[in-house]
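Asker: The structure's right below; bear with me while I get my questions together.
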Amino acid sequence: MAITRRTLLGTGTAAAATALYAPSLRAQDPDRIRAAFAAGGPRKVDPNWTTQGADNWATEQMFEQLVRPPNGQFGQRPEDFEPYLAESWSASDDARTWTFQLRQGVQFHKGYGEMTSDDVVASFERAMTEGTSVSIYQNIKSVDASGPYEVSISLTNPDPLFLGAIVFSNNVSVVSKKALEERGEDFQTDSIGTGPYQLDKFDIEKGIYLSRFADYWGEPAKIEKIDILYIADTTARTLALMSGDVDMIEGVRAPGWVPSIMAQNPDLLFDMTAPGSFNTLFFNLLREPLNNIKVRQAIAHGINKEEIVQALAPMSNISYTLNPPHYPTGFELEELPEELRYEHDPDKAKALLAEAGFPNGFSIRVNTSQREDYASQHLIIQEQLRAIGIDIDLNIMDHSAYHADNRKDLNTLPINSSSLPPIPLDVYNRYASSNAEVKNDGSGGTNYAHYGVVIPGVDDKLSAMLQATSFDDYVSIGREVELQIQRDLPMLGLPTLSYTVVRNPRLDIGYEVKGGYARWRLDKATFVD
Amino acid sequence: MAKYLAIRLLDAMPTIVLVLTLVFIAMRILPGDPALAALGDMALPEQLAMYRERMGLNDPLWLQYINFVKGVVTLDFGTSLITDVPVIQLLKNNITHTIELTVVAVLMGLVLGIPLGVLAATNRDRAPDSAMRVYALVGYAIPDFYLGAILLIVFSLNLGWFPINGVGEGFWDRMHHVFLPALTLALLKSAFLGRLTRTSLLEVMGRDYIRTARAKGARERRVVYRHGLRNAMLPLSTGIGLSILATLSGSVAVELVFNRPGIGRLLVTAIHERDYPIIQAGVVVFAALVVLVNLMVDLVYALVDPRVRVSS
């Protein structure tokens with residue numbers, strides 16, 4: 001039979017159409033979780049070297065620490081922590097010596113043998129000498145193996161929050177010493193831990209692929225595989241969830257995003273950490289007129305925090321002090337003296353401005369980041385302060401440039417957003433200590449207010465906190481620090497913003513996410529019909 | 001011909017050197033701190049200082065520039081500041097996806113655009129011509145990322161015909177994955193190529209040899225395609241070259257929307273992260289591709305029109 005051009009074209013078109021109508025890609029693997037996060041691609045999967053939140057979703061499944069808080073929570077108090085790779089522990093009365101009895105029979109991934117105290121010592125020692133957070137382990141004097149299954153840690157200063165501040169930190173996740181030595185730098189992308197999932201593949205273009213670890217010491221993970229995928233573009237990520245291509249995605253922290261997603265598919269589930277990131281507005285005390293306390297108080301009264309919460313609902317929660325209300329040193333509104341509440345009161349704000357010599361307000365140039373959460377808050381504040389006569393000339397910048405400029409003291413009213421754990425001293429050391437003062441050569445820290453340098457700050461109280469041997473004493477001094485900051489007003493706590501994950505309702509993660517870092521375990525997850 | 005090629009290559013060298021220097025300077029005056037981008041907004045000063053030292057960011061600028069140029073000459077672009085992966089490996093992994101997208105998109109653009117242009121030219125001032133004008137207007141106006149998102153919603157999300165993201169494995173799976181992103185770029189390119197084809201063809205169709213061909217009794221189809229379109233190819237080849245370059249640069253947004261690996265996406269991520277070695281290498285690759293495409297266009301010119309060879 002002769003094949004004419006017409007026949008060929010017709011057959012080709014039909015074949016193409018058939019291919020196009022082939023079953024779609026929505027078939028969902030019942031034994032694989034696909035999760036997509038807002039980043040360009042994986043960087044590293046070694047917990048001592050990760051610098052990207054999305055990568056920590058993989059390390060969270062692959063590694064464990066000696067103790068951990070319950071799933072979906074931050075441990076607030078020492079008694080909140082549960083045994084993991086340590087079965088039990090004890091602290092000396094002065095909170096300077098901590099001894100951990102290790103769980104026996106814990107196996108490392110891929111046949112790297114049983115975890116012993118040598119592995120724990122090696123994991124701590126490398127975090128103290130290399131990695132992304134060397135400086136936070138400076139208080140550790142020594143880590144010693146006092147037996148094959150016992151580790152003793154000595155501290156220079158007492159630390160009643162040692163479990164939450166240090167032991168439950170990513171950098172000291174327990175890794176295999178043998179694998180570290182064997183793999184060298186390759187360990188950063190081919191790591192060996194003890195968690196319920198082990199690394200199958202680290203693909204720098206696509207993602208991180210994990211599979212259930214059969215010899216896990218605890219209850220084995222319920223779902224066989226996890227794919228950690230990277231989709232930086234918001235639209236592409238949202239469409240991937242909507243199409244069923246992935247089971248969960250990182251949300252976008254912008255006004256109206258959650259309601260718009262809910263409107264498209266009301267069945268989707270939202271997991272949110274509280275507080276998530278807490279946002280802080282700094283007053284640069286070296287800049288006029290922000291060096292005037294009345295001006296700072298006027299701004300505080302001019303900002304309507306409830307309005308910010310509503311704009312970012314349901315991801316936002318109110319905060320009255322530097323630490324949010326349910327952190328150990330945070331305050332509820334009614335706990336604060338009335339003059340330190342700074343409730344929204346435009347008339348009072350105008351009166352304070354007049355007293356400060358600005359009856360007609362003033363103009364000020366402020367840099368902000370183009371990232372949704374920063375820009376939204378600064379834009380709302382700009383609008384609110386306009387009502388009391390303060391004209392903010394907002395300069396919206398690339399996110400990286402914004403932070404680099406902040407670090408060079410080039411901003412007047414910077415906002416800083418960070419997902420810090422409930423370790424008050426860490427927060428104060430970063431934001432309020434004179435040691436962390438920002439410097440114009442970029443070598444300083446994140447005390448953008450110059451608090452403790454331009455005006456007396458809270459350094460003496462921070463020293464007292466550092467010497468506290470009991471949790472109650474520590475919290476008591478911390479609450480004095482909060483009140484002092486409220487009085488001096490070098491910075492103002494803004495509403496918090498939850499880290500949000502949107503989930504297909506077929507995926508049940510097995511517990512409720514209430515707080516914690518911006519990552520959570522998926523070993524209890526199951527697919528429901 | 002070899003001499004012609006050598007001259008063109010030598011012509012391109014100053015351009016490449018200029019691009020190298022400009023991109024190096026641009027990276028250093030761009031606001032932002034690679035150490036801060038790598039370690040996060042809350043990195044402590046000591047952590048940042050250690051990182052800068054380890055990555056050679058404290059070296060004097062002249063030394064960094066010499067190292068950069070040396071690296072380009074030896075095709076060693078260093079390692080990523082963020083991932084420690086050799087940049088050349090990242091480029092190799094990504095460039096195939098960008099070239100795949102560009103080739104498919106340009107072919108689709110040609111298949112769509114040239115017939116549309118011919119149709120418009122042969123129906124001057126009639127309905128097909130007006131339709132082509134509107135199509136071209138829309139094609140010029142619509143942003144590629146927007147068109148990509150619409151195609152994704154319609155054909156991937158609602159109809160489920162195409163994968164929502166990724167690149168696929170194996171030839172047919174790859175073609176299945178590349179179809180929609182390539183169509184996004186092709187629809188926009190076809191507007192440009194269609195308009196160009198129409199203009200070139202109309203100009204050629206008024207020439208004496210076309211009248212002669214018609215007078216000799218050649219069929220209109222033969223007149224248009226053999227005598228008309230062939231001679232209209234010279235300006236069209238410049239247009240195709242420009243279209244390839246525009247497709248390469250347009251691939252940045254499309255790779256992001258369709259979450260495809262590629263040089264564009266690599267570059268955008270690197271810019272966000274201030275990953276100097278990747279940005280420098282990526283720009284160099286783009287510049288080299290521009291030079292290469294221009295060279296190819298020049299060669300096509302020389303092949304199509306012997307006068308070009310003679311004069312050069």
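We label chains A, B, ... in the order they appear in the structure tokens, count residues from 1 in each chain, and number ligands from 1 in the order shown.
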Using only C-alpha atoms, find the residues of chain A whose closest atom to chain B is at most 8 Å away, then write them as a PyMOL selection string.

Answerer: chain A and resi 20-26+40+43-44+51-52+132-135+205-206+231-233+235-236+239-240+242-243+245+399-405+418+443-446

Asker: Write the residues you've just listed into a file as a PDB file, in the first residue's frame, and include C-alpha atoms for each of them.

Answerer:
ATOM      1  CA  LEU A  20      -1.350  13.581  24.546  1.00  0.00           C
ATOM      2  CA  TYR A  21      -4.398  11.828  25.933  1.00  0.00           C
ATOM      3  CA  ALA A  22      -2.291   9.180  27.610  1.00  0.00           C
ATOM      4  CA  PRO A  23      -2.939   8.789  31.334  1.00  0.00           C
ATOM      5  CA  SER A  24      -1.856  11.884  33.191  1.00  0.00           C
ATOM      6  CA  LEU A  25       0.945  12.033  35.746  1.00  0.00           C
ATOM      7  CA  ARG A  26      -1.295  12.213  38.733  1.00  0.00           C
ATOM      8  CA  GLY A  40      16.963  26.375  43.778  1.00  0.00           C
ATOM      9  CA  ARG A  43      23.443  22.335  48.831  1.00  0.00           C
ATOM     10  CA  LYS A  44      24.535  19.826  51.464  1.00  0.00           C
ATOM     11  CA  THR A  51      22.963  26.466  55.460  1.00  0.00           C
ATOM     12  CA  GLN A  52      19.659  26.118  53.658  1.00  0.00           C
ATOM     13  CA  THR A 132      28.519  26.590  60.235  1.00  0.00           C
ATOM     14  CA  SER A 133      28.023  27.286  63.942  1.00  0.00           C
ATOM     15  CA  VAL A 134      31.378  26.872  65.654  1.00  0.00           C
ATOM     16  CA  SER A 135      30.847  29.950  67.816  1.00  0.00           C
ATOM     17  CA  GLU A 205      19.908  19.484  40.068  1.00  0.00           C
ATOM     18  CA  LYS A 206      16.809  17.715  41.339  1.00  0.00           C
ATOM     19  CA  ILE A 231      11.015  24.349  43.331  1.00  0.00           C
ATOM     20  CA  ALA A 232      12.002  27.959  43.854  1.00  0.00           C
ATOM     21  CA  ASP A 233       9.234  29.505  41.762  1.00  0.00           C
ATOM     22  CA  THR A 235       3.703  29.372  40.868  1.00  0.00           C
ATOM     23  CA  ALA A 236       5.473  26.184  39.848  1.00  0.00           C
ATOM     24  CA  LEU A 239       0.875  24.014  40.661  1.00  0.00           C
ATOM     25  CA  ALA A 240       2.928  20.959  41.612  1.00  0.00           C
ATOM     26  CA  MET A 242      -2.475  21.338  43.027  1.00  0.00           C
ATOM     27  CA  SER A 243      -1.762  18.767  40.334  1.00  0.00           C
ATOM     28  CA  ASP A 245       2.661  15.876  41.621  1.00  0.00           C
ATOM     29  CA  HIS A 399      17.028  40.310  49.880  1.00  0.00           C
ATOM     30  CA  SER A 400      20.736  39.592  49.944  1.00  0.00           C
ATOM     31  CA  ALA A 401      21.618  43.251  49.422  1.00  0.00           C
ATOM     32  CA  TYR A 402      19.176  44.278  52.178  1.00  0.00           C
ATOM     33  CA  HIS A 403      20.865  42.113  54.763  1.00  0.00           C
ATOM     34  CA  ALA A 404      24.340  43.040  53.584  1.00  0.00           C
ATOM     35  CA  ASP A 405      23.438  46.739  53.930  1.00  0.00           C
ATOM     36  CA  SER A 418      14.417  34.889  62.236  1.00  0.00           C
ATOM     37  CA  SER A 443      32.275  42.944  60.754  1.00  0.00           C
ATOM     38  CA  GLY A 444      29.651  43.430  63.455  1.00  0.00           C
ATOM     39  CA  GLY A 445      26.589  41.500  64.463  1.00  0.00           C
ATOM     40  CA  THR A 446      22.831  41.953  64.379  1.00  0.00           C
TER      41      THR A 446
END

Asker: Name the residues of range 350-511 of chain A that fall into alpha helix (DSSP H) according to DSSP on the backbone, using the chain letters and numbers of this document, as a VMD selection string.

Answerer: chain A and resid 350 to 355 372 to 386 399 to 407 424 to 431 459 to 467 471 to 488

Asker: For Pro324 in chain A, list every protein, DNA or RNA residue within 8 Å, evaluated using only C-alpha atoms, and leave out those in the same chain fewer than 6 positions away; present the list as a list in words.

Answerer: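 Near neighbours after the sequence-gap exclusion: Pro275, Phe278, Ile318, Gly330, Phe331, Gly493 and Thr496 of chain A.
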
Asker: Quick one: write out the picked residues with C-alpha atoms as a PDB file, in the first residue's frame?

Answerer:
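So result21.pdb came out as:
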ATOM      1  CA  PRO A 275       5.895  31.432  66.586  1.00  0.00           C
ATOM      2  CA  PHE A 278       9.718  36.363  65.057  1.00  0.00           C
ATOM      3  CA  ILE A 318       0.750  38.854  68.110  1.00  0.00           C
ATOM      4  CA  GLY A 330       7.963  36.459  76.627  1.00  0.00           C
ATOM      5  CA  PHE A 331       5.060  38.466  78.039  1.00  0.00           C
ATOM      6  CA  GLY A 493       8.692  42.976  68.786  1.00  0.00           C
ATOM      7  CA  THR A 496       5.377  36.540  64.450  1.00  0.00           C
TER       8      THR A 496
END

Asker: Quick one: pull the distance between CA of Met27 in chain B and CA of Leu57 in chain B, Å, one decimal.

Answerer: 12.1 Å

Asker: Interatomic distance between CA of Arg503 in chain A and CA of Leu269 in chain A?

Answerer: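 CA of Leu269 in chain A lies 5.0 Å from CA of Arg503 in chain A.
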
Asker: Neighbouring residues of Asp129 in chain B were defined as those with any atom within 7 Å, considering only C-alpha atoms; residues of the same chain fewer than 6 positions away were excluded. Please report them as a PyMOL selection string.

Answerer: chain B and resi 120-121+123

Asker: Restricting it to C-alpha atoms, dump the selection as a PDB file, in the first residue's frame.

Answerer:
ATOM      1  CA  ALA B 120       0.278  36.642   5.697  1.00  0.00           C
ATOM      2  CA  ALA B 121       2.501  37.766   2.810  1.00  0.00           C
ATOM      3  CA  ASN B 123      -2.697  37.261   1.577  1.00  0.00           C
TER       4      ASN B 123
END

Asker: Counting only C-alpha atoms, which residue out of A:Thr321, A:Thr526, A:Ser123, A:Thr156 sits closest to Arg341 in chain A?

Answerer: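 Smallest distance to Arg341 in chain A is found for A:Thr321.
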